[in-house]
file input.cif (mmCIF, C-alpha atoms)
data_input
loop_
_atom_site.label_atom_id
_atom_site.label_comp_id
_atom_site.auth_asym_id
_atom_site.auth_seq_id
_atom_site.Cartn_x
_atom_site.Cartn_y
_atom_site.Cartn_z
CA MET A 1 -21.09 -2.76 2.28
CA ASN A 2 -19.04 -5.32 0.37
CA SER A 3 -17.74 -8.46 2.06
CA VAL A 4 -14.58 -8.47 4.16
CA LEU A 5 -11.31 -9.17 2.34
CA VAL A 6 -8.85 -8.77 5.24
CA SER A 7 -9.66 -8.88 8.93
CA ILE A 8 -7.23 -7.61 11.58
CA LYS A 9 -8.05 -8.94 15.05
CA ASN A 10 -6.40 -7.68 18.25
CA LEU A 11 -3.08 -7.22 16.47
CA SER A 12 -0.06 -6.37 18.66
CA ILE A 13 3.70 -6.31 18.26
CA HIS A 14 6.29 -5.50 20.91
CA PHE A 15 9.93 -4.59 20.36
CA GLY A 16 11.44 -5.13 23.79
CA GLY A 17 9.42 -2.90 26.09
CA LEU A 18 7.95 -0.84 23.23
CA LYS A 19 4.38 -1.65 22.20
CA ALA A 20 4.55 -0.46 18.59
CA VAL A 21 1.03 -1.74 17.84
CA ASP A 22 -1.29 -2.58 20.70
CA ASN A 23 -4.51 -4.58 20.29
CA VAL A 24 -5.61 -3.07 16.96
CA SER A 25 -8.64 -4.45 15.10
CA PHE A 26 -10.25 -3.39 11.82
CA ASP A 27 -11.58 -4.86 8.58
CA ILE A 28 -10.75 -4.06 4.96
CA TYR A 29 -13.70 -4.58 2.62
CA LYS A 30 -13.55 -5.76 -0.96
CA GLY A 31 -13.54 -2.80 -3.34
CA GLU A 32 -12.85 -0.05 -0.82
CA ILE A 33 -10.09 2.44 -0.16
CA LEU A 34 -9.33 2.45 3.57
CA GLY A 35 -7.11 5.20 4.95
CA LEU A 36 -4.78 4.30 7.81
CA LEU A 37 -3.83 7.60 9.44
CA GLY A 38 -2.07 8.87 12.53
CA PRO A 39 0.90 10.91 13.74
CA ASN A 40 4.48 9.81 13.13
CA GLY A 41 5.23 6.75 15.24
CA ALA A 42 1.57 5.77 15.54
CA GLY A 43 2.22 2.25 14.20
CA LYS A 44 0.89 2.57 10.65
CA THR A 45 3.84 1.13 8.73
CA THR A 46 4.26 -1.51 11.43
CA CYS A 47 0.70 -2.63 10.69
CA PHE A 48 1.61 -2.79 7.00
CA ASN A 49 4.61 -4.93 7.88
CA MET A 50 2.48 -7.40 9.82
CA ILE A 51 -0.20 -7.61 7.12
CA SER A 52 2.41 -8.16 4.38
CA GLY A 53 4.48 -10.66 6.35
CA VAL A 54 7.58 -8.57 7.11
CA TYR A 55 6.88 -8.83 10.87
CA LYS A 56 5.29 -11.67 12.79
CA PRO A 57 2.82 -10.26 15.36
CA THR A 58 3.48 -10.74 19.05
CA SER A 59 -0.23 -11.54 19.35
CA GLY A 60 -3.42 -11.18 17.36
CA GLU A 61 -4.51 -12.50 14.00
CA VAL A 62 -4.66 -11.53 10.33
CA TYR A 63 -7.20 -13.19 8.03
CA LEU A 64 -7.30 -13.00 4.22
CA ASP A 65 -10.63 -14.19 2.82
CA GLY A 66 -11.28 -15.94 6.12
CA LYS A 67 -7.97 -17.82 6.19
CA ARG A 68 -5.39 -16.98 8.85
CA THR A 69 -2.15 -15.57 7.42
CA ASP A 70 -0.28 -13.85 10.26
CA GLY A 71 3.30 -15.11 10.40
CA PHE A 72 3.42 -16.01 6.70
CA PRO A 73 6.62 -14.70 5.01
CA PRO A 74 6.40 -11.79 2.53
CA HIS A 75 6.75 -13.96 -0.60
CA LYS A 76 3.85 -16.12 0.58
CA MET A 77 1.68 -13.07 1.22
CA ALA A 78 2.58 -11.69 -2.22
CA SER A 79 1.54 -14.98 -3.81
CA LEU A 80 -1.80 -14.78 -1.97
CA GLY A 81 -2.52 -11.33 -3.41
CA ILE A 82 -0.99 -8.76 -1.06
CA GLY A 83 1.01 -6.12 -2.93
CA ARG A 84 2.66 -3.08 -1.40
CA THR A 85 4.72 0.01 -2.03
CA PHE A 86 7.28 1.63 0.25
CA GLN A 87 7.67 5.19 1.40
CA VAL A 88 11.31 5.20 0.22
CA VAL A 89 11.31 4.03 -3.39
CA LYS A 90 14.16 1.67 -4.28
CA PRO A 91 13.95 0.53 -7.89
CA PHE A 92 16.68 -1.41 -9.66
CA ASN A 93 18.36 1.75 -10.91
CA GLY A 94 20.46 0.01 -13.57
CA LEU A 95 17.45 -1.70 -15.17
CA THR A 96 14.94 -0.04 -17.44
CA VAL A 97 11.44 0.82 -16.27
CA GLU A 98 10.08 -2.16 -18.21
CA GLU A 99 12.69 -4.51 -16.74
CA ASN A 100 11.79 -3.38 -13.20
CA VAL A 101 8.21 -4.51 -13.82
CA ILE A 102 9.42 -7.76 -15.40
CA VAL A 103 11.35 -8.54 -12.22
CA ALA A 104 8.10 -8.25 -10.22
CA LEU A 105 6.18 -10.29 -12.79
CA GLY A 106 8.68 -13.11 -12.40
CA MET A 107 8.36 -13.40 -8.63
CA PRO A 108 6.68 -16.87 -8.68
CA HIS A 109 9.47 -18.26 -10.91
CA TYR A 110 12.62 -17.26 -9.04
CA CYS A 111 12.91 -20.43 -6.99
CA ARG A 112 13.55 -22.30 -10.28
CA PHE A 113 16.53 -20.81 -12.13
CA PHE A 114 15.75 -22.04 -15.64
CA ASP A 115 12.07 -21.14 -15.36
CA SER A 116 12.96 -17.62 -14.24
CA TRP A 117 15.39 -17.20 -17.17
CA LYS A 118 12.75 -18.30 -19.70
CA PHE A 119 10.20 -16.04 -18.05
CA TRP A 120 12.54 -13.04 -18.24
CA ARG A 121 13.06 -13.48 -21.99
CA SER A 122 9.46 -14.22 -22.95
CA ASP A 123 7.41 -12.00 -25.28
CA LYS A 124 4.39 -12.70 -23.09
CA ASN A 125 6.18 -11.24 -20.11
CA ARG A 126 7.21 -8.09 -21.97
CA LYS A 127 3.64 -7.57 -23.17
CA ALA A 128 2.33 -7.93 -19.61
CA ALA A 129 4.85 -5.35 -18.42
CA GLN A 130 3.87 -2.97 -21.21
CA ASN A 131 0.19 -3.27 -20.26
CA ILE A 132 0.97 -2.43 -16.64
CA LEU A 133 3.09 0.55 -17.69
CA GLU A 134 0.22 1.76 -19.84
CA THR A 135 -2.06 1.52 -16.80
CA VAL A 136 0.21 3.72 -14.66
CA GLY A 137 1.09 6.12 -17.46
CA LEU A 138 4.73 5.12 -17.92
CA SER A 139 4.64 3.39 -21.31
CA LYS A 140 6.74 6.16 -22.91
CA GLU A 141 9.42 5.61 -20.23
CA ALA A 142 9.66 1.85 -20.74
CA ASP A 143 13.26 1.96 -22.03
CA THR A 144 14.46 4.62 -19.56
CA LYS A 145 16.81 3.54 -16.78
CA ALA A 146 14.85 3.65 -13.54
CA GLY A 147 17.61 5.61 -11.83
CA LEU A 148 16.96 8.53 -14.20
CA LEU A 149 13.27 8.95 -13.33
CA PRO A 150 12.00 11.96 -11.35
CA LEU A 151 10.23 11.23 -8.07
CA GLY A 152 6.69 11.39 -9.47
CA ASN A 153 7.47 8.70 -12.05
CA LEU A 154 9.32 6.64 -9.45
CA ARG A 155 6.14 6.60 -7.35
CA ARG A 156 4.20 5.34 -10.36
CA LEU A 157 6.86 2.70 -11.07
CA GLU A 158 6.55 1.51 -7.47
CA ILE A 159 2.81 1.07 -7.99
CA ALA A 160 3.45 -0.70 -11.31
CA ARG A 161 5.74 -3.23 -9.64
CA ALA A 162 3.10 -3.90 -6.98
CA LEU A 163 0.42 -4.34 -9.67
CA ALA A 164 2.63 -6.93 -11.37
CA LEU A 165 1.84 -9.24 -8.44
CA LYS A 166 -1.86 -9.13 -9.41
CA PRO A 167 -2.87 -8.04 -5.92
CA ARG A 168 -6.28 -8.27 -4.36
CA LEU A 169 -5.12 -5.83 -1.68
CA LEU A 170 -2.67 -3.02 -2.41
CA LEU A 171 -0.86 -1.41 0.53
CA LEU A 172 0.27 2.13 -0.36
CA ASP A 173 2.77 3.69 2.06
CA GLU A 174 2.85 7.48 1.55
CA CYS A 175 2.89 7.29 -2.25
CA PHE A 176 2.20 11.05 -2.49
CA SER A 177 5.16 12.12 -0.37
CA GLY A 178 7.30 14.82 -2.00
CA LEU A 179 5.09 15.25 -5.05
CA ARG A 180 3.87 18.41 -6.76
CA TYR A 181 0.17 19.21 -7.02
CA GLU A 182 -0.11 17.98 -10.62
CA GLU A 183 1.65 14.71 -9.76
CA ILE A 184 -0.66 14.19 -6.79
CA GLN A 185 -3.69 14.53 -9.05
CA ILE A 186 -2.30 11.94 -11.49
CA ILE A 187 -1.72 9.37 -8.76
CA GLU A 188 -5.09 10.09 -7.13
CA ASP A 189 -6.78 9.26 -10.44
CA LEU A 190 -4.60 6.16 -10.81
CA ILE A 191 -5.55 4.87 -7.36
CA ARG A 192 -9.25 5.35 -8.08
CA ASP A 193 -8.87 3.47 -11.37
CA ILE A 194 -7.08 0.61 -9.59
CA ARG A 195 -9.90 0.37 -7.04
CA ASN A 196 -12.52 0.53 -9.79
CA ASN A 197 -10.81 -2.49 -11.38
CA GLY A 198 -11.46 -4.55 -8.26
CA VAL A 199 -8.36 -4.04 -6.10
CA SER A 200 -8.91 -3.08 -2.46
CA ILE A 201 -6.51 -0.44 -1.12
CA LEU A 202 -5.09 0.31 2.33
CA LEU A 203 -3.52 3.75 2.26
CA ILE A 204 -1.08 5.48 4.61
CA GLU A 205 -0.95 9.18 3.87
CA HIS A 206 0.07 12.33 5.77
CA ASN A 207 -1.52 14.72 3.26
CA MET A 208 -4.91 15.04 4.93
CA ARG A 209 -6.66 16.58 1.95
CA VAL A 210 -5.60 13.64 -0.20
CA ALA A 211 -6.46 11.03 2.43
CA MET A 212 -9.89 12.47 3.16
CA GLY A 213 -10.69 12.84 -0.52
CA LEU A 214 -9.63 9.33 -1.52
CA SER A 215 -10.73 7.16 1.39
CA ASP A 216 -14.14 5.55 1.77
CA ARG A 217 -13.40 4.91 5.45
CA ILE A 218 -10.55 5.83 7.78
CA VAL A 219 -8.85 4.17 10.74
CA VAL A 220 -6.77 6.45 12.97
CA LEU A 221 -3.93 5.14 15.14
CA ASP A 222 -2.21 6.95 17.98
CA HIS A 223 0.65 5.53 20.05
CA GLY A 224 0.01 2.10 18.58
CA ARG A 225 -3.67 1.93 19.47
CA LYS A 226 -6.79 2.50 17.40
CA LEU A 227 -8.15 5.93 18.20
CA ALA A 228 -11.08 6.18 15.78
CA GLU A 229 -12.75 4.55 12.79
CA GLY A 230 -15.40 5.86 10.43
CA THR A 231 -16.11 7.89 7.33
CA PRO A 232 -13.86 10.88 6.55
CA ASP A 233 -16.55 13.23 7.89
CA GLU A 234 -16.93 11.25 11.11
CA VAL A 235 -13.19 11.03 11.70
CA SER A 236 -12.45 14.67 10.87
CA SER A 237 -15.02 15.83 13.43
CA ASN A 238 -13.93 13.40 16.16
CA PRO A 239 -12.56 15.46 19.11
CA ASP A 240 -9.97 12.80 20.02
CA VAL A 241 -8.62 12.78 16.46
CA ILE A 242 -8.52 16.56 16.31
CA GLU A 243 -6.55 16.69 19.54
CA ALA A 244 -4.13 13.87 18.68
CA TYR A 245 -3.55 14.44 15.01
CA LEU A 246 -5.33 17.25 13.26
CA GLY A 247 -4.63 19.98 15.79
CA LYS A 248 -7.08 22.76 16.54
CA GLY A 249 -9.83 23.33 14.03
CA ASP A 250 -11.28 20.92 11.52
CA VAL A 251 -9.68 19.04 8.70
CA SER A 252 -10.25 21.85 6.23
CA ASP A 253 -7.58 23.83 8.06
CA VAL A 254 -4.96 21.12 7.60
CA ALA A 255 -2.64 21.25 4.58
#
call {"tool": "encode", "arguments": {"input": "input.cif", "output": "structure tokens"}}
result
Amino acid sequence: MNSVLVSIKNLSIHFGGLKAVDNVSFDIYKGEILGLLGPNGAGKTTCFNMISGVYKPTSGEVYLDGKRTDGFPPHKMASLGIGRTFQVVKPFNGLTVEENVIVALGMPHYCRFFDSWKFWRSDKNRKAAQNILETVGLSKEADTKAGLLPLGNLRRLEIARALALKPRLLLLDECFSGLRYEEIQIIEDLIRDIRNNGVSILLIEHNMRVAMGLSDRIVVLDHGRKLAEGTPDEVSSNPDVIEAYLGKGDVSDVA
């Protein structure tokens, strides 16, 4: 097994009397795809929010390459190599596809107005955006307004914007939601290519066939606590997981 990239230790967050995540621990290894699964309300996106800096944990620790990062703000986590997508895609609809990626590429420059303006206009920046769009299969849509894209292309644009941050860890929050079979296959292949290029991936996904097929390992949450961890085969045959999430039968019965 590769070395640990991110380590989650006894992570908890409480909203009033609600324990949204309760004492969860797991590791994310360099070069792996780790599935984070569970029923609605299990705490998956809340974990994403703590890893990426949106929420500060009530207790517990997050380590990136052995250095503690819990409580860092999102822009700091992005600068350290944590990129993410969101379940609800919200591009800058009035900008082109290329310009949406340029915005993400310029993230380190926005605290300095003149630097950000030069960065926006640079040929180097446009070339970098074009390379990323080629990677995700959107180069032909570079001049299209983002608000005109169908959902499948919006999902790919969301991934492109995350890749613009040059992440070491990519957090994907239900990036297959609402897609047709052919679109799912395209993004599955894209995610494998991203991993093969050295980016670790933490994946939230409700499509069990996709999650089991993509993930090297899986962590299952239920009511904010870790229910199981293991390979797809180990998790899909775990009686507690079947009862809490998969329902009766094995994973092959789940759409």
call {"tool": "atom_distance", "arguments": {"input": "input.cif", "atom1": "atom CA of A:Leu202", "atom2": "atom CA of A:Glu99"}}
result
26.5 Å
call {"tool": "atom_distance", "arguments": {"input": "input.cif", "atom1": "atom CA of A:Phe15", "atom2": "atom CA of A:Gly38"}}
result
19.7 Å
call {"tool": "residues_around", "arguments": {"input": "input.cif", "residues": "stretch 179-189 of chain A", "least_positions_apart": "5", "cutoff": "12 Å", "atoms": "all atoms listed in the file", "output": "PyMOL selection string"}}
result
chain A and resi 33+135-138+150-160+172+174+194-196+203+205+207+209-215
call {"tool": "axis_aligned_box", "arguments": {"input": "input.cif", "around": "stretch 86-103 of chain A", "padding_each_side": "8 Å", "output": "AutoDock Vina command-line options"}}
result
--center_x 13.9 --center_y -1.7 --center_z -8.4 --size_x 29.2 --size_y 29.7 --size_z 35.6
call {"tool": "closest_residue", "arguments": {"input": "input.cif", "among": "A:Ile51, A:Leu95, A:Ala42, A:Ala20", "to": "A:Val6", "atoms": "all atoms listed in the file"}}
result
A:Ile51
call {"tool": "residues_near_point", "arguments": {"input": "input.cif", "point": "(-20.7, -8.3, 0.5)", "cutoff": "9 Å", "atoms": "only C-alpha atoms", "output": "CSV table (one decimal) with C-alpha atoms, in the frame of the given file"}}
result
chain,number,residue,atom,x,y,z
A,1,MET,CA,-21.1,-2.8,2.3
A,2,ASN,CA,-19.0,-5.3,0.4
A,3,SER,CA,-17.7,-8.5,2.1
A,4,VAL,CA,-14.6,-8.5,4.2
A,29,TYR,CA,-13.7,-4.6,2.6
A,30,LYS,CA,-13.6,-5.8,-1.0
call {"tool": "closest_residue", "arguments": {"input": "input.cif", "among": "A:Ser7, A:Thr45, A:Gln87, A:Thr58", "to": "A:Lys19", "atoms": "all atoms listed in the file"}}
result
A:Thr58
call {"tool": "closest_residue", "arguments": {"input": "input.cif", "among": "A:Asp233, A:Leu34, A:Ser25, A:Gly17", "to": "A:Ile218", "atoms": "all atoms listed in the file"}}
result
A:Leu34
call {"tool": "atom_distance", "arguments": {"input": "input.cif", "atom1": "atom CA of A:Asn125", "atom2": "atom CA of A:Val103"}}
result
9.8 Å
call {"tool": "closest_residue", "arguments": {"input": "input.cif", "among": "A:Val54, A:Ser200, A:Phe26, A:Phe48", "to": "A:Lys76", "atoms": "only C-alpha atoms"}}
result
A:Val54
call {"tool": "resolve_selection", "arguments": {"input": "input.cif", "expression": "the PyMOL selection byres ((chain A and resi 64) around 10)", "output": "VMD selection string"}}
result
chain A and resid 4 to 8 28 51 62 to 63 65 to 70 77 80 to 82 168 to 169
call {"tool": "decode", "arguments": {"input": "input.cif", "residues": "stretch 166-180 of chain A", "atoms": "C-alpha atoms", "output": "short mmCIF file (atom, residue, chain, number, x, y, z; two decimals), in the first residue's frame"}}
result
data_model
loop_
_atom_site.label_atom_id
_atom_site.label_comp_id
_atom_site.auth_asym_id
_atom_site.auth_seq_id
_atom_site.Cartn_x
_atom_site.Cartn_y
_atom_site.Cartn_z
CA LYS A 166 -3.19 21.34 -9.04
CA PRO A 167 -4.59 19.16 -6.26
CA ARG A 168 -2.88 16.27 -4.56
CA LEU A 169 -6.27 15.18 -3.21
CA LEU A 170 -9.49 15.64 -5.18
CA LEU A 171 -12.79 15.49 -3.28
CA LEU A 172 -15.65 14.51 -5.63
CA ASP A 173 -19.15 15.05 -4.22
CA GLU A 174 -21.67 13.03 -6.27
CA CYS A 175 -20.20 14.00 -9.63
CA PHE A 176 -22.32 11.33 -11.39
CA SER A 177 -25.66 12.57 -10.07
CA GLY A 178 -28.29 13.04 -12.79
CA LEU A 179 -26.12 11.72 -15.62
CA ARG A 180 -26.97 9.31 -18.42
#
